[in-house]
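Student: Please find work.txt (compact mmCIF, C-alpha atoms (C1' of nucleotides)) on the next line:
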```
# COMPACT_ATOMS: atom_id res chain seq x y z
CA MET A 1 210.96 -20.39 208.73
CA GLU A 2 209.20 -17.66 210.61
CA LEU A 3 209.51 -13.90 210.52
CA TYR A 4 209.52 -11.86 213.68
CA GLU A 5 206.37 -9.77 214.01
CA PRO A 6 205.83 -8.01 217.32
CA ASP A 7 202.58 -7.62 219.17
CA VAL A 8 201.21 -4.25 218.09
CA ALA A 9 200.43 -3.32 221.67
CA ALA A 10 204.08 -3.85 222.60
CA VAL A 11 205.42 -1.45 219.99
CA PRO A 12 205.96 2.16 221.11
CA VAL A 13 203.72 4.48 219.15
CA THR A 14 206.77 6.53 218.16
CA THR A 15 208.16 3.47 216.41
CA ILE A 16 204.97 3.12 214.37
CA LEU A 17 204.91 6.82 213.54
CA SER A 18 208.55 6.80 212.49
CA ALA A 19 207.90 3.78 210.32
CA LEU A 20 205.06 5.62 208.60
CA GLY A 21 207.00 8.86 208.42
CA ASP A 22 209.06 7.90 205.42
CA GLU A 23 207.85 8.59 201.90
CA ALA A 24 208.87 5.22 200.49
CA ARG A 25 207.34 3.27 203.36
CA LEU A 26 204.14 5.27 203.36
CA GLU A 27 203.81 4.60 199.66
CA ILE A 28 204.07 0.90 200.41
CA VAL A 29 201.33 1.27 203.01
CA ARG A 30 199.15 3.19 200.56
CA GLU A 31 199.46 0.46 197.95
CA LEU A 32 198.74 -2.24 200.53
CA HIS A 33 195.68 -0.29 201.60
CA ARG A 34 194.48 -0.04 198.02
CA ASP A 35 195.36 -3.53 196.81
CA GLY A 36 195.36 -5.72 199.89
CA GLU A 37 198.06 -8.37 199.92
CA ARG A 38 201.00 -7.76 197.64
CA CYS A 39 204.08 -9.67 196.68
CA CYS A 40 207.31 -7.93 197.74
CA GLY A 41 208.64 -7.65 194.24
CA THR A 42 205.59 -5.82 192.96
CA PHE A 43 206.52 -2.61 194.73
CA ASP A 44 208.23 -0.41 192.20
CA LEU A 45 209.57 2.45 194.26
CA GLY A 46 212.57 3.33 192.16
CA LEU A 47 214.83 1.88 194.83
CA ALA A 48 217.29 -0.97 194.95
CA LYS A 49 216.10 -4.38 196.09
CA ALA A 50 218.14 -4.10 199.25
CA THR A 51 216.52 -0.80 200.16
CA ARG A 52 213.03 -2.10 199.53
CA SER A 53 213.77 -5.10 201.68
CA HIS A 54 214.97 -2.77 204.42
CA HIS A 55 211.80 -0.67 204.33
CA LEU A 56 209.59 -3.74 204.46
CA LYS A 57 211.54 -4.94 207.46
CA VAL A 58 211.04 -1.62 209.25
CA LEU A 59 207.30 -1.79 208.63
CA ARG A 60 207.09 -5.39 209.75
CA GLU A 61 209.07 -4.81 212.94
CA ALA A 62 206.90 -1.79 213.73
CA GLY A 63 203.89 -4.07 213.70
CA VAL A 64 202.40 -2.41 210.63
CA THR A 65 202.59 -5.30 208.18
CA HIS A 66 202.29 -9.06 208.13
CA THR A 67 204.42 -11.21 205.87
CA ARG A 68 203.39 -14.59 204.56
CA ILE A 69 206.02 -16.81 202.99
CA GLU A 70 205.13 -18.90 199.97
CA GLY A 71 207.96 -20.53 198.11
CA THR A 72 210.59 -17.93 197.37
CA SER A 73 208.06 -15.13 197.44
CA ARG A 74 206.81 -13.15 200.39
CA TYR A 75 203.37 -11.67 200.49
CA VAL A 76 202.88 -8.52 202.55
CA SER A 77 199.65 -7.15 203.97
CA LEU A 78 198.53 -4.54 206.48
CA ARG A 79 197.69 -5.60 210.01
CA ARG A 80 194.55 -3.54 209.83
CA ASP A 81 192.52 -5.08 212.63
CA GLU A 82 195.30 -5.12 215.18
CA LEU A 83 196.30 -1.56 214.36
CA GLU A 84 192.71 -0.43 214.49
CA ARG A 85 192.19 -2.06 217.86
CA ARG A 86 195.29 -0.46 219.36
CA TYR A 87 195.16 2.90 217.55
CA PRO A 88 191.62 3.41 216.32
CA GLY A 89 191.50 5.68 213.31
CA LEU A 90 195.24 5.98 212.86
CA LEU A 91 195.48 4.20 209.54
CA SER A 92 192.54 5.95 207.97
CA ALA A 93 193.79 9.32 209.20
CA VAL A 94 197.24 8.76 207.75
CA LEU A 95 195.79 7.55 204.48
CA ALA A 96 193.34 10.44 204.31
CA THR A 97 193.55 11.39 200.69
CA ALA A 98 192.92 15.06 200.02
CA PRO A 99 194.09 17.97 197.88
CA THR A 100 197.80 17.74 198.54
CA PRO A 101 199.26 20.32 196.19
CA MET B 1 208.19 39.43 215.09
CA GLU B 2 206.40 36.51 213.55
CA LEU B 3 207.14 32.82 213.54
CA TYR B 4 206.78 30.75 210.43
CA GLU B 5 203.89 28.31 210.66
CA PRO B 6 202.95 26.46 207.50
CA ASP B 7 199.48 25.69 206.26
CA VAL B 8 198.72 22.21 207.54
CA ALA B 9 197.39 21.15 204.16
CA ALA B 10 200.71 22.06 202.57
CA VAL B 11 202.78 19.88 204.88
CA PRO B 12 203.51 16.34 203.65
CA VAL B 13 201.95 13.81 205.96
CA THR B 14 205.33 12.12 206.34
CA THR B 15 206.68 15.35 207.85
CA ILE B 16 203.93 15.35 210.45
CA LEU B 17 204.42 11.68 211.24
CA SER B 18 208.17 12.11 211.59
CA ALA B 19 207.61 15.06 213.88
CA LEU B 20 205.35 12.94 216.07
CA GLY B 21 207.65 9.93 215.84
CA ASP B 22 210.11 11.15 218.45
CA GLU B 23 209.62 10.38 222.12
CA ALA B 24 210.49 13.87 223.37
CA ARG B 25 208.27 15.60 220.82
CA LEU B 26 205.37 13.24 221.38
CA GLU B 27 205.65 13.91 225.09
CA ILE B 28 205.34 17.63 224.35
CA VAL B 29 202.24 16.91 222.29
CA ARG B 30 200.78 14.79 225.08
CA GLU B 31 201.26 17.56 227.61
CA LEU B 32 199.77 20.12 225.24
CA HIS B 33 196.81 17.84 224.73
CA ARG B 34 196.33 17.50 228.48
CA ASP B 35 197.01 21.09 229.53
CA GLY B 36 196.20 23.22 226.53
CA GLU B 37 198.54 26.16 226.02
CA ARG B 38 201.88 25.91 227.72
CA CYS B 39 204.86 28.17 228.11
CA CYS B 40 208.02 26.79 226.44
CA GLY B 41 210.00 26.71 229.66
CA THR B 42 207.45 24.55 231.45
CA PHE B 43 208.39 21.46 229.51
CA ASP B 44 210.76 19.49 231.68
CA LEU B 45 212.00 16.76 229.39
CA GLY B 46 215.44 16.27 230.89
CA LEU B 47 216.97 17.91 227.85
CA ALA B 48 219.04 21.02 227.31
CA LYS B 49 217.29 24.27 226.44
CA ALA B 50 218.74 24.17 222.95
CA THR B 51 217.35 20.70 222.34
CA ARG B 52 213.92 21.60 223.61
CA SER B 53 213.91 24.64 221.37
CA HIS B 54 214.84 22.43 218.45
CA HIS B 55 211.99 20.00 219.10
CA LEU B 56 209.48 22.81 219.40
CA LYS B 57 210.68 24.18 216.10
CA VAL B 58 210.25 20.80 214.41
CA LEU B 59 206.69 20.56 215.71
CA ARG B 60 205.87 24.10 214.68
CA GLU B 61 207.28 23.70 211.16
CA ALA B 62 205.37 20.45 210.77
CA GLY B 63 202.16 22.37 211.37
CA VAL B 64 201.46 20.60 214.64
CA THR B 65 201.78 23.52 217.04
CA HIS B 66 201.07 27.22 217.18
CA THR B 67 203.34 29.63 219.03
CA ARG B 68 202.19 32.88 220.52
CA ILE B 69 204.78 35.40 221.61
CA GLU B 70 204.25 37.41 224.76
CA GLY B 71 207.17 39.37 226.08
CA THR B 72 210.17 37.10 226.28
CA SER B 73 207.99 34.04 226.66
CA ARG B 74 206.44 31.89 223.99
CA TYR B 75 203.23 30.02 224.51
CA VAL B 76 202.73 26.82 222.55
CA SER B 77 199.48 25.07 221.73
CA LEU B 78 198.21 22.31 219.46
CA ARG B 79 196.63 23.26 216.14
CA ARG B 80 193.83 20.84 216.88
CA ASP B 81 191.16 22.11 214.53
CA GLU B 82 193.38 22.43 211.50
CA LEU B 83 194.93 19.02 212.10
CA GLU B 84 191.51 17.50 212.62
CA ARG B 85 190.21 19.02 209.42
CA ARG B 86 193.12 17.77 207.36
CA TYR B 87 193.72 14.44 209.12
CA PRO B 88 190.55 13.51 210.97
CA GLY B 89 191.24 11.29 213.94
CA LEU B 90 195.01 11.45 213.68
CA LEU B 91 195.66 13.26 216.92
CA SER B 92 193.26 11.20 219.00
CA ALA B 93 194.65 8.00 217.52
CA VAL B 94 198.21 8.97 218.30
CA LEU B 95 197.27 10.04 221.80
CA ALA B 96 195.28 6.86 222.42
CA THR B 97 196.30 6.14 225.95
CA ALA B 98 196.87 2.48 226.78
CA PRO B 99 199.58 0.21 228.17
CA THR B 100 202.47 1.65 226.17
CA PRO B 101 205.64 -0.09 227.37
C1' DA C 1 222.63 -31.38 189.25
C1' DC C 2 222.35 -26.65 187.34
C1' DT C 3 219.93 -22.45 186.57
C1' DC C 4 216.85 -18.91 187.47
C1' DA C 5 213.92 -15.92 190.34
C1' DT C 6 212.88 -13.87 194.70
C1' DG C 7 214.55 -11.76 198.75
C1' DT C 8 217.68 -11.09 202.68
C1' DT C 9 222.01 -9.88 204.80
C1' DC C 10 226.45 -7.72 204.85
C1' DG C 11 229.58 -3.91 204.80
C1' DA C 12 230.10 0.70 203.35
C1' DC C 13 228.97 5.32 202.52
C1' DA C 14 226.72 10.01 202.77
C1' DA C 15 223.03 12.44 204.83
C1' DT C 16 220.15 13.43 208.43
C1' DC C 17 219.07 13.73 213.31
C1' DG C 18 219.32 14.47 218.37
C1' DT C 19 222.14 16.38 221.56
C1' DC C 20 224.93 19.87 223.92
C1' DG C 21 227.50 24.27 225.49
C1' DA C 22 228.32 28.76 224.26
C1' DA C 23 227.01 32.84 222.28
C1' DC C 24 223.41 35.79 220.99
C1' DA C 25 218.76 38.36 220.94
C1' DT C 26 214.90 40.36 223.25
C1' DG C 27 212.00 42.21 226.65
C1' DC C 28 211.07 43.23 231.61
C1' DA C 29 212.33 45.33 236.10
C1' DC C 30 215.09 47.93 238.92
C1' DG D 1 221.48 52.43 231.81
C1' DT D 2 222.55 47.38 234.26
C1' DG D 3 221.09 43.22 235.26
C1' DC D 4 218.13 39.06 234.71
C1' DA D 5 215.02 35.67 232.56
C1' DT D 6 213.37 33.39 228.47
C1' DG D 7 214.45 31.42 224.18
C1' DT D 8 216.88 31.01 219.74
C1' DT D 9 220.87 30.26 216.83
C1' DC D 10 225.42 28.57 215.98
C1' DG D 11 228.88 25.14 215.42
C1' DA D 12 230.17 20.65 216.74
C1' DC D 13 229.79 15.97 217.89
C1' DG D 14 228.17 11.01 217.87
C1' DA D 15 224.31 8.13 216.56
C1' DT D 16 220.95 6.77 213.53
C1' DT D 17 219.08 6.32 208.91
C1' DG D 18 218.51 5.63 203.86
C1' DT D 19 220.90 4.03 200.16
C1' DC D 20 223.56 0.86 197.29
C1' DG D 21 226.25 -3.24 195.19
C1' DA D 22 227.77 -7.60 196.17
C1' DA D 23 227.31 -11.81 198.28
C1' DC D 24 224.36 -15.12 200.14
C1' DA D 25 220.08 -18.22 200.99
C1' DT D 26 216.18 -20.65 199.42
C1' DG D 27 212.86 -22.74 196.53
C1' DA D 28 210.97 -23.89 191.82
C1' DG D 29 211.71 -25.69 187.26
C1' DT D 30 214.19 -27.92 183.71
```
Would you encode the structure as structure tokens?

Tutor:
Amino acid sequence: MELYEPDVAAVPVTTILSALGDEARLEIVRELHRDGERCCGTFDLGLAKATRSHHLKVLREAGVTHTRIEGTSRYVSLRRDELERRYPGLLSAVLATAPTP
Amino acid sequence: MELYEPDVAAVPVTTILSALGDEARLEIVRELHRDGERCCGTFDLGLAKATRSHHLKVLREAGVTHTRIEGTSRYVSLRRDELERRYPGLLSAVLATAPTP
DNA sequence: ACTCATGTTCGACAATCGTCGAACATGCAC
DNA sequence: GTGCATGTTCGACGATTGTCGAACATGAGT
């Protein structure tokens, strides 16, 4: 079985920005940036399974993440290169860590 | 009279991304990027005045734009330097022009 | 086969968002 | 003053979104 993952260049930039503009989803992206590939279940966001699944779907359909299926688990990772090629600097800007009081 | 404009560093990045993640608002940002300062009424987005006013407020309160009052008109501009200092490369990445279907 | 673990999908719900017309505020010009 | 132009604010409305529990699907292990 295959999961739908759009071509990054075909996704409106507003869709990507909206996907990143949610606290839960951005936290997922931060952890993916820090850890690389992660199994779905390892995201502890204080949300129900259904909600987490929804957020991962939004990120995937925005072209932000790639999902690899292995058994009953799904491994998620950032589509760094493709994002960087289409929107150079976007990811690093969004992930810019700084004194956020 | 003064308009509330937050410190960019105090605005959650998700707020900025959500503000940019709307087609009408991003179009405003694009035109500001191209033209520099613009008078509110010069944005022809095919929307009602009230809606345009709402979008400009969202952008302003997200720290994206600055508004200067002159008579009954308001002149809007991008807060480029402050955004660049807090999120280097964000604006140019978002405005990356390319085949956006 | 049965069970367990991992996720997704299906309603449903409340909250937020984008949109509008109408009313209001403010400053300029006559 | 009276008008006029520029914008904002105030409900209101429908659409979208984030959230959840329950049901479902799938694969691994016993």

Student: Ranking B:Arg38, B:His66, B:Lys57, B:His33 by minimum distance to chain D and counting all atoms listed in the file, which one comes first?

Tutor: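 Going through B:Arg38, B:His66, B:Lys57, B:His33 one by one, the smallest distance to chain D is for B:Lys57.
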
Student: Taking the point (198.1, -9.5, 210.0) as given in the file, collect each protein or nucleic acid residue that comes within 9 Å of it, counting only C-alpha atoms (C1' of nucleotides), and present the set as a CSV table (one decimal) with C-alpha atoms, keeping the file's coordinate frame.

Tutor:
```csv
chain,number,residue,atom,x,y,z
A,63,GLY,CA,203.9,-4.1,213.7
A,64,VAL,CA,202.4,-2.4,210.6
A,65,THR,CA,202.6,-5.3,208.2
A,66,HIS,CA,202.3,-9.1,208.1
A,67,THR,CA,204.4,-11.2,205.9
A,76,VAL,CA,202.9,-8.5,202.6
A,77,SER,CA,199.6,-7.2,204.0
A,78,LEU,CA,198.5,-4.5,206.5
A,79,ARG,CA,197.7,-5.6,210.0
A,80,ARG,CA,194.6,-3.5,209.8
A,81,ASP,CA,192.5,-5.1,212.6
A,82,GLU,CA,195.3,-5.1,215.2
```

Student: Residues of chain A were defined as contacting chain C if any atom lay at most 9 Å from it, counting only C-alpha atoms (C1' of nucleotides); please report them as a count of residues only.

Tutor: 10

Student: Env of Leu91 in chain B: 9 Å cut, atoms = all atoms listed in the file, seq-sep filter 4 positions within chain, self excluded. Answer as an mmCIF file with C-alpha atoms, in the frame of the given file.

Tutor:
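Once everything was written out, this is part.cif:
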```
data_model
loop_
_atom_site.group_PDB
_atom_site.id
_atom_site.type_symbol
_atom_site.label_atom_id
_atom_site.label_comp_id
_atom_site.auth_asym_id
_atom_site.auth_seq_id
_atom_site.Cartn_x
_atom_site.Cartn_y
_atom_site.Cartn_z
ATOM 1 C CA LEU A 90 195.240 5.980 212.860
ATOM 2 C CA ALA A 93 193.790 9.320 209.200
ATOM 3 C CA ARG B 80 193.830 20.840 216.880
ATOM 4 C CA LEU B 83 194.930 19.020 212.100
ATOM 5 C CA GLU B 84 191.510 17.500 212.620
ATOM 6 C CA TYR B 87 193.720 14.440 209.120
ATOM 7 C CA LEU B 95 197.270 10.040 221.800
ATOM 8 C CA ALA B 96 195.280 6.860 222.420
#
```

Student: Define the interface residues of chain B facing chain A as those within 12 Å, counting only C-alpha atoms, and report them as a PyMOL selection string.

Tutor: chain B and resi 7-27+62+83-101

Student: Since we have the selection now, will you write its residues out, keeping C-alpha atoms, as a tab-separated table (two decimals), in the coordinates of the input?

Tutor:
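Output saved as out.tsv:
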```
chain	number	residue	atom	x	y	z
B	7	ASP	CA	199.48	25.69	206.26
B	8	VAL	CA	198.72	22.21	207.54
B	9	ALA	CA	197.39	21.15	204.16
B	10	ALA	CA	200.71	22.06	202.57
B	11	VAL	CA	202.78	19.88	204.88
B	12	PRO	CA	203.51	16.34	203.65
B	13	VAL	CA	201.95	13.81	205.96
B	14	THR	CA	205.33	12.12	206.34
B	15	THR	CA	206.68	15.35	207.85
B	16	ILE	CA	203.93	15.35	210.45
B	17	LEU	CA	204.42	11.68	211.24
B	18	SER	CA	208.17	12.11	211.59
B	19	ALA	CA	207.61	15.06	213.88
B	20	LEU	CA	205.35	12.94	216.07
B	21	GLY	CA	207.65	9.93	215.84
B	22	ASP	CA	210.11	11.15	218.45
B	23	GLU	CA	209.62	10.38	222.12
B	24	ALA	CA	210.49	13.87	223.37
B	25	ARG	CA	208.27	15.60	220.82
B	26	LEU	CA	205.37	13.24	221.38
B	27	GLU	CA	205.65	13.91	225.09
B	62	ALA	CA	205.37	20.45	210.77
B	83	LEU	CA	194.93	19.02	212.10
B	84	GLU	CA	191.51	17.50	212.62
B	85	ARG	CA	190.21	19.02	209.42
B	86	ARG	CA	193.12	17.77	207.36
B	87	TYR	CA	193.72	14.44	209.12
B	88	PRO	CA	190.55	13.51	210.97
B	89	GLY	CA	191.24	11.29	213.94
B	90	LEU	CA	195.01	11.45	213.68
B	91	LEU	CA	195.66	13.26	216.92
B	92	SER	CA	193.26	11.20	219.00
B	93	ALA	CA	194.65	8.00	217.52
B	94	VAL	CA	198.21	8.97	218.30
B	95	LEU	CA	197.27	10.04	221.80
B	96	ALA	CA	195.28	6.86	222.42
B	97	THR	CA	196.30	6.14	225.95
B	98	ALA	CA	196.87	2.48	226.78
B	99	PRO	CA	199.58	0.21	228.17
B	100	THR	CA	202.47	1.65	226.17
B	101	PRO	CA	205.64	-0.09	227.37
```

Student: Find the residues of chain D in contact range of chain B, meaning any atom within 12 Å when counting only C-alpha atoms (C1' of nucleotides), and list them as JSON, numbers by chain.

Tutor: {"D": [4, 5, 6, 7, 8, 9, 10]}

Student: One number please: C1' of DT17 in chain D to CA of His55 in chain A, in Å, one decimal.

Tutor: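 For C1' of DT17 in chain D relative to CA of His55 in chain A, the distance reads 11.1 Å.
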
Student: So how many Å separate CA of Gly46 in chain B and CA of Glu70 in chain B, to one decimal?

Tutor: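 Separation between CA of Gly46 in chain B and CA of Glu70 in chain B: 24.7 Å.
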